[in-house]
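Comments concern the structure below.
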Amino acid sequence: MRTRLALPVALIAAVSVTATACQSSSGTGSAHSGAGKAPSAAPSAADYNPTPYDRVRDGGTYTTVGTFDDQGNPFNVNSTLTASRIWSWYNADAITYSPTGEVQYNPDYFSDVKVSVEGGNQKVVLTVNPKAVFNDGTPIDWTAIKATWQANNGSDKAFAASSTDGYAQITSVTKGADAKQAVLTFKGVNPAWSALFTTFLHPKAATVAHFNNAYVKKAHPEWGAGPYTVGKWDPHSGDVTFVRNPKWWGKKGKLDKRVYVNLETTAAVNAFKNGQLDYVSAVDAESLKQIKGLKGTEIRSGGSPFEYSLYFNTRSSVLADKAVRKAIEESVDRAQIAKIQFQGLDYSEPLPGSAILYSFQKGYQDNVAAVLKYAPEEAKKALDAAGWKPGGDGIRVKNGQKLALDYPLLGDDPLGKATAGAIAAMLKSVGVRLDVRKAEEADFSRILSDRKFDLFLSGNRSMDPFGARYLCDFYCSDRDSNLTGAGTPALDEEIRAVSRIGDLTEQTRKANEVEREALQEYAFLPLFSGPSTYGVKKGLANVGATIFYNPLPETVGWEK
């Protein structure tokens with residue numbers, strides 16, 4: 001999963017620059033700000049106090065910042081990272097990944113998994129745990145797998161699905177030896193198939209009306225399953241409390257309660273200092289300074305598959321011209337933005353070069369540097385050639401229209417403001433005015449779905465290691481999750497051909513090649529990732545910088 005407006009259950013949207021600090025994957029060759037001194041790859045260490053289940057004590061409460069978003073269904077195009085995390089506390093966590101990306105099947109859901117290839121086509125047989133049942137008493141069986149596939153395979157466009165990739169490659173889902181066995185048949189081979197069924201939908205939630213609207217500011221614990229269920233869901237405060245699920249058949253959850261409280265970033269740091277939270281993200285040097293050294297706490301920091309990028313709305317009248325978009329990208333000093341982000345953190349990374357892979361992953365290539373360089377003087381010439389001439393106030397004008405861009409800034413974080421200010425200064429130097437507009441974090445989904453921006457800074461988190469799988473989500477012209485609207489039908493076909501490559505190494509090689517073409521639409525610019533750094537109360541087990549790993553809810557708690 002990643003992180004954004006709409007990405008598959010493996011790509012989830014972060015609401016702002018401060019949602020979480022992250023990892024690396026894109027880069028242009030900037031001429032200054034120490035870019036040449038950066039390491040060749042971002043850190044890939046995990047730091048989360050891994051603790052065996054039997055060494056986690058029974059009882060206790062775990063409280064962090066978080067809230068339900070407008071769209072709580074993680075398969076929906078408007079879902080975010082927060083929504084996905086909350087979903088995982090009262091719905092199935094059937095398949096997870098180790099920190100480095102190895103597949104892990106949860107036997108409480110899948111008691112057996114068999115993968116084979118017959119006649120060039122892949123077959124996956126999922127045998128569901130006989131005890132598995134949804135909270136409303138409906139057995140979890142092959143119909144849940146079928147319902148999840150049908151809602152996400154693109155055959156019915158009424159489903160606002162985050163991604164059809166992979167699901168569309170499945171030709172059938174049928175009952176196996178009995179109702180507790182699902183047989184999935186693919187056209188060709190899909191090496192990343194496990195990312196399709198890390199969780200699944202209750203068949204009742206897989207109607208168009210329920211898929212699109214049932215989870216809007218609502219929870220449906222009756223359609224969920226797992227060691228925890230909803231105890232309290234407050235639509236006014238945004239707070240959510242999970243309690244042990246009496247209908248759970250697997251390992252008992254260690255915590256009495258798991259609590260999310262709805263707080264802005266700056267308020268969250270204060271709440272952690274006051275002992276009201278057990279865990280908080282240190283998104284910048286100031287927040288790290290405030291929480292470092294607090295009695296009874298520790299700092300956990302490591303690599304993270306996050307990336308923040310600048311999105312260009314190609315449906316904007318000003319940005320419809322590719323030459324203008326390229327000039328603006330050439331005007332953005334990414335190394336300087338990274339310097340702002342990481343000031344005081346004693347951290348460095350290479351500028352990210354890809355939307356789909358991080359620099360610590362096998363097969364990663366710096367695709368941004370292959371097609372773009374920081375070149376503000378060249379940008380000025382290109383804008384001149386495009387008919388945008390400097391006005392009396394220094395802002396360029398064409399046919400009476402100023403070259404001014406709308407930039408929504410979410411939340412109240414000083415780092416976000418500093419980043420917006422830096423981008424504004426960079427663009428002003430080439431004659432472009434950036435109008436920074438304050439917006440509420442709650443407006444995130446609406447801003448993106450309604451395309452109410454010219455430029456927008458947003459982040460994505462990868463929840464699985466199969467980066468090539470998300471090529472279409474970023475770059476296909478007909479995909480809602482492509483926030484920029486850029487692309488062409490010819491490029492779409494090239495992208496989709498990548499998904500049909502059965503060998504992961506070859507698929508990754510080809511994905512890099514196609515991404516370099518897609519980046520030449522000049523509508524998407526990876527900016528930075530960063531470390532995952534958290535303040536954590538001592539003794540909190542299986543929480544912190546986990547990279548691709550999402551610890552099962554029943555394993556989270558306090559050390560004995």
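Letters for chains follow the order of the structure tokens (A, B, ...), residue numbers begin at 1 for each chain, and ligand numbers begin at 1 in the order shown.
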
So that I can check the surroundings of region 155-158 of chain A, please list as a list in words every protein, DNA and RNA residue that reaches within 9 Å of it, counting only C-alpha atoms and ignoring chain neighbours fewer than 2 positions away.
Gln150, Ala151, Asn152, Asn153, Ala160, Ala161, Ala168, Val208, Ala209 and Asn212 of chain A

Wanna dump the region 33-95 of chain A-region 346-356 of chain A contacts at 7 Å for me, each residue with its shortest atom pair and the distance in Å to one decimal, counting only C-alpha atoms, ordered by chain and number, as CSV?
residue,atom,partner,partner_atom,distance
A:Ala38,CA,A:Pro350,CA,5.2
A:Pro39,CA,A:Glu349,CA,5.6
A:Ser40,CA,A:Pro350,CA,5.9
A:Ala41,CA,A:Pro350,CA,6.1
A:Ala42,CA,A:Glu349,CA,5.0

Could you please write out, as an mmCIF file with all heavy atoms, in the first residue's frame, every residue of region 306-362 of chain A that DSSP assigns to helix (DSSP H, G or I)?
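Result file is selection08.cif:
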data_model
loop_
_atom_site.group_PDB
_atom_site.id
_atom_site.type_symbol
_atom_site.label_atom_id
_atom_site.label_comp_id
_atom_site.auth_asym_id
_atom_site.auth_seq_id
_atom_site.Cartn_x
_atom_site.Cartn_y
_atom_site.Cartn_z
ATOM 1 N N LYS A 322 3.142 21.377 -21.435
ATOM 2 C CA LYS A 322 4.244 20.572 -20.903
ATOM 3 C C LYS A 322 5.529 21.387 -20.754
ATOM 4 O O LYS A 322 6.299 21.192 -19.803
ATOM 5 C CB LYS A 322 4.496 19.355 -21.794
ATOM 6 C CG LYS A 322 5.541 18.400 -21.243
ATOM 7 C CD LYS A 322 5.958 17.333 -22.251
ATOM 8 C CE LYS A 322 4.839 16.414 -22.620
ATOM 9 N NZ LYS A 322 5.331 15.252 -23.449
ATOM 10 N N ALA A 323 5.771 22.318 -21.676
ATOM 11 C CA ALA A 323 6.985 23.130 -21.599
ATOM 12 C C ALA A 323 7.002 23.977 -20.335
ATOM 13 O O ALA A 323 8.058 24.180 -19.718
ATOM 14 C CB ALA A 323 7.087 24.027 -22.830
ATOM 15 N N VAL A 324 5.839 24.468 -19.929
ATOM 16 C CA VAL A 324 5.742 25.255 -18.691
ATOM 17 C C VAL A 324 5.998 24.357 -17.486
ATOM 18 O O VAL A 324 6.723 24.729 -16.560
ATOM 19 C CB VAL A 324 4.363 25.935 -18.590
ATOM 20 C CG1 VAL A 324 4.181 26.600 -17.222
ATOM 21 C CG2 VAL A 324 4.197 26.963 -19.704
ATOM 22 N N ARG A 325 5.431 23.151 -17.504
ATOM 23 C CA ARG A 325 5.631 22.237 -16.384
ATOM 24 C C ARG A 325 7.107 21.876 -16.235
ATOM 25 O O ARG A 325 7.652 21.843 -15.120
ATOM 26 C CB ARG A 325 4.797 20.958 -16.577
ATOM 27 C CG ARG A 325 3.300 21.201 -16.646
ATOM 28 C CD ARG A 325 2.516 19.931 -16.431
ATOM 29 N NE ARG A 325 2.793 18.871 -17.381
ATOM 30 C CZ ARG A 325 2.120 18.661 -18.510
ATOM 31 N NH1 ARG A 325 1.134 19.487 -18.852
ATOM 32 N NH2 ARG A 325 2.399 17.630 -19.297
ATOM 33 N N LYS A 326 7.748 21.600 -17.349
ATOM 34 C CA LYS A 326 9.162 21.253 -17.288
ATOM 35 C C LYS A 326 9.975 22.417 -16.728
ATOM 36 O O LYS A 326 10.872 22.227 -15.887
ATOM 37 C CB LYS A 326 9.694 20.868 -18.667
ATOM 38 C CG LYS A 326 11.168 20.457 -18.642
ATOM 39 C CD LYS A 326 11.708 20.110 -20.023
ATOM 40 C CE LYS A 326 13.184 19.702 -19.937
ATOM 41 N NZ LYS A 326 13.773 19.442 -21.272
ATOM 42 N N ALA A 327 9.674 23.631 -17.158
ATOM 43 C CA ALA A 327 10.403 24.804 -16.671
ATOM 44 C C ALA A 327 10.237 24.965 -15.168
ATOM 45 O O ALA A 327 11.192 25.302 -14.450
ATOM 46 C CB ALA A 327 9.919 26.052 -17.400
ATOM 47 N N ILE A 328 9.045 24.713 -14.678
ATOM 48 C CA ILE A 328 8.814 24.822 -13.233
ATOM 49 C C ILE A 328 9.596 23.743 -12.486
ATOM 50 O O ILE A 328 10.219 24.004 -11.448
ATOM 51 C CB ILE A 328 7.303 24.749 -12.930
ATOM 52 C CG1 ILE A 328 6.625 26.020 -13.451
ATOM 53 C CG2 ILE A 328 7.053 24.588 -11.435
ATOM 54 C CD1 ILE A 328 5.120 25.980 -13.419
ATOM 55 N N GLU A 329 9.605 22.519 -13.010
ATOM 56 C CA GLU A 329 10.393 21.465 -12.367
ATOM 57 C C GLU A 329 11.882 21.820 -12.356
ATOM 58 O O GLU A 329 12.575 21.575 -11.361
ATOM 59 C CB GLU A 329 10.179 20.125 -13.080
ATOM 60 C CG GLU A 329 8.809 19.523 -12.828
ATOM 61 C CD GLU A 329 8.743 18.051 -13.199
ATOM 62 O OE1 GLU A 329 9.778 17.468 -13.566
ATOM 63 O OE2 GLU A 329 7.637 17.475 -13.114
ATOM 64 N N GLU A 330 12.366 22.407 -13.451
ATOM 65 C CA GLU A 330 13.775 22.791 -13.516
ATOM 66 C C GLU A 330 14.102 23.906 -12.527
ATOM 67 O O GLU A 330 15.267 24.102 -12.179
ATOM 68 C CB GLU A 330 14.120 23.265 -14.943
ATOM 69 C CG GLU A 330 14.166 22.145 -15.964
ATOM 70 C CD GLU A 330 14.418 22.669 -17.367
ATOM 71 O OE1 GLU A 330 13.969 23.803 -17.682
ATOM 72 O OE2 GLU A 330 15.047 21.951 -18.153
ATOM 73 N N SER A 331 13.085 24.615 -12.055
ATOM 74 C CA SER A 331 13.290 25.738 -11.131
ATOM 75 C C SER A 331 13.298 25.310 -9.670
ATOM 76 O O SER A 331 13.621 26.107 -8.792
ATOM 77 C CB SER A 331 12.182 26.781 -11.336
ATOM 78 O OG SER A 331 12.091 27.174 -12.684
ATOM 79 N N ARG A 334 15.595 20.698 -5.450
ATOM 80 C CA ARG A 334 15.175 19.631 -4.534
ATOM 81 C C ARG A 334 16.159 19.436 -3.390
ATOM 82 O O ARG A 334 15.786 19.089 -2.284
ATOM 83 C CB ARG A 334 14.995 18.323 -5.306
ATOM 84 C CG ARG A 334 13.919 18.434 -6.377
ATOM 85 C CD ARG A 334 13.584 17.094 -7.001
ATOM 86 N NE ARG A 334 14.760 16.383 -7.411
ATOM 87 C CZ ARG A 334 14.928 15.072 -7.215
ATOM 88 N NH1 ARG A 334 14.010 14.366 -6.603
ATOM 89 N NH2 ARG A 334 16.017 14.483 -7.635
ATOM 90 N N ALA A 335 17.425 19.640 -3.673
ATOM 91 C CA ALA A 335 18.427 19.478 -2.618
ATOM 92 C C ALA A 335 18.218 20.515 -1.518
ATOM 93 O O ALA A 335 18.413 20.228 -0.331
ATOM 94 C CB ALA A 335 19.823 19.597 -3.207
ATOM 95 N N GLN A 336 17.821 21.718 -1.890
ATOM 96 C CA GLN A 336 17.563 22.753 -0.887
ATOM 97 C C GLN A 336 16.332 22.405 -0.055
ATOM 98 O O GLN A 336 16.305 22.618 1.154
ATOM 99 C CB GLN A 336 17.367 24.111 -1.577
ATOM 100 C CG GLN A 336 17.110 25.269 -0.621
ATOM 101 C CD GLN A 336 18.256 25.501 0.350
ATOM 102 O OE1 GLN A 336 19.414 25.223 0.021
ATOM 103 N NE2 GLN A 336 17.950 25.986 1.539
ATOM 104 N N ILE A 337 15.311 21.853 -0.711
ATOM 105 C CA ILE A 337 14.112 21.440 0.026
ATOM 106 C C ILE A 337 14.455 20.321 1.004
ATOM 107 O O ILE A 337 14.005 20.319 2.158
ATOM 108 C CB ILE A 337 13.010 21.008 -0.957
ATOM 109 C CG1 ILE A 337 12.501 22.237 -1.720
ATOM 110 C CG2 ILE A 337 11.853 20.319 -0.228
ATOM 111 C CD1 ILE A 337 11.553 21.911 -2.840
ATOM 112 N N ALA A 338 15.277 19.378 0.561
ATOM 113 C CA ALA A 338 15.702 18.303 1.462
ATOM 114 C C ALA A 338 16.486 18.867 2.642
ATOM 115 O O ALA A 338 16.338 18.403 3.778
ATOM 116 C CB ALA A 338 16.546 17.284 0.701
ATOM 117 N N LYS A 339 17.308 19.864 2.374
ATOM 118 C CA LYS A 339 18.088 20.494 3.448
ATOM 119 C C LYS A 339 17.169 21.106 4.494
ATOM 120 O O LYS A 339 17.405 20.989 5.708
ATOM 121 C CB LYS A 339 19.004 21.563 2.845
ATOM 122 C CG LYS A 339 19.994 22.178 3.821
ATOM 123 C CD LYS A 339 20.921 23.146 3.090
ATOM 124 C CE LYS A 339 21.927 23.785 4.043
ATOM 125 N NZ LYS A 339 22.826 24.725 3.334
ATOM 126 N N ILE A 340 16.099 21.743 4.039
ATOM 127 C CA ILE A 340 15.109 22.309 4.962
ATOM 128 C C ILE A 340 14.453 21.206 5.778
ATOM 129 O O ILE A 340 14.306 21.306 7.004
ATOM 130 C CB ILE A 340 14.043 23.106 4.179
ATOM 131 C CG1 ILE A 340 14.665 24.349 3.552
ATOM 132 C CG2 ILE A 340 12.869 23.493 5.077
ATOM 133 C CD1 ILE A 340 13.767 25.039 2.546
ATOM 134 N N GLN A 341 14.061 20.136 5.103
ATOM 135 C CA GLN A 341 13.360 19.034 5.770
ATOM 136 C C GLN A 341 14.220 18.365 6.835
ATOM 137 O O GLN A 341 13.733 17.996 7.911
ATOM 138 C CB GLN A 341 12.936 17.982 4.738
ATOM 139 C CG GLN A 341 11.855 18.437 3.793
ATOM 140 C CD GLN A 341 10.532 18.641 4.491
ATOM 141 O OE1 GLN A 341 10.156 17.873 5.384
ATOM 142 N NE2 GLN A 341 9.820 19.676 4.110
ATOM 143 N N PHE A 342 15.500 18.195 6.547
ATOM 144 C CA PHE A 342 16.343 17.375 7.410
ATOM 145 C C PHE A 342 17.237 18.202 8.333
ATOM 146 O O PHE A 342 18.061 17.624 9.058
ATOM 147 C CB PHE A 342 17.211 16.439 6.559
ATOM 148 C CG PHE A 342 16.427 15.617 5.577
ATOM 149 C CD1 PHE A 342 16.957 15.294 4.334
ATOM 150 C CD2 PHE A 342 15.157 15.164 5.889
ATOM 151 C CE1 PHE A 342 16.249 14.544 3.430
ATOM 152 C CE2 PHE A 342 14.428 14.403 4.986
ATOM 153 C CZ PHE A 342 14.968 14.089 3.749
#
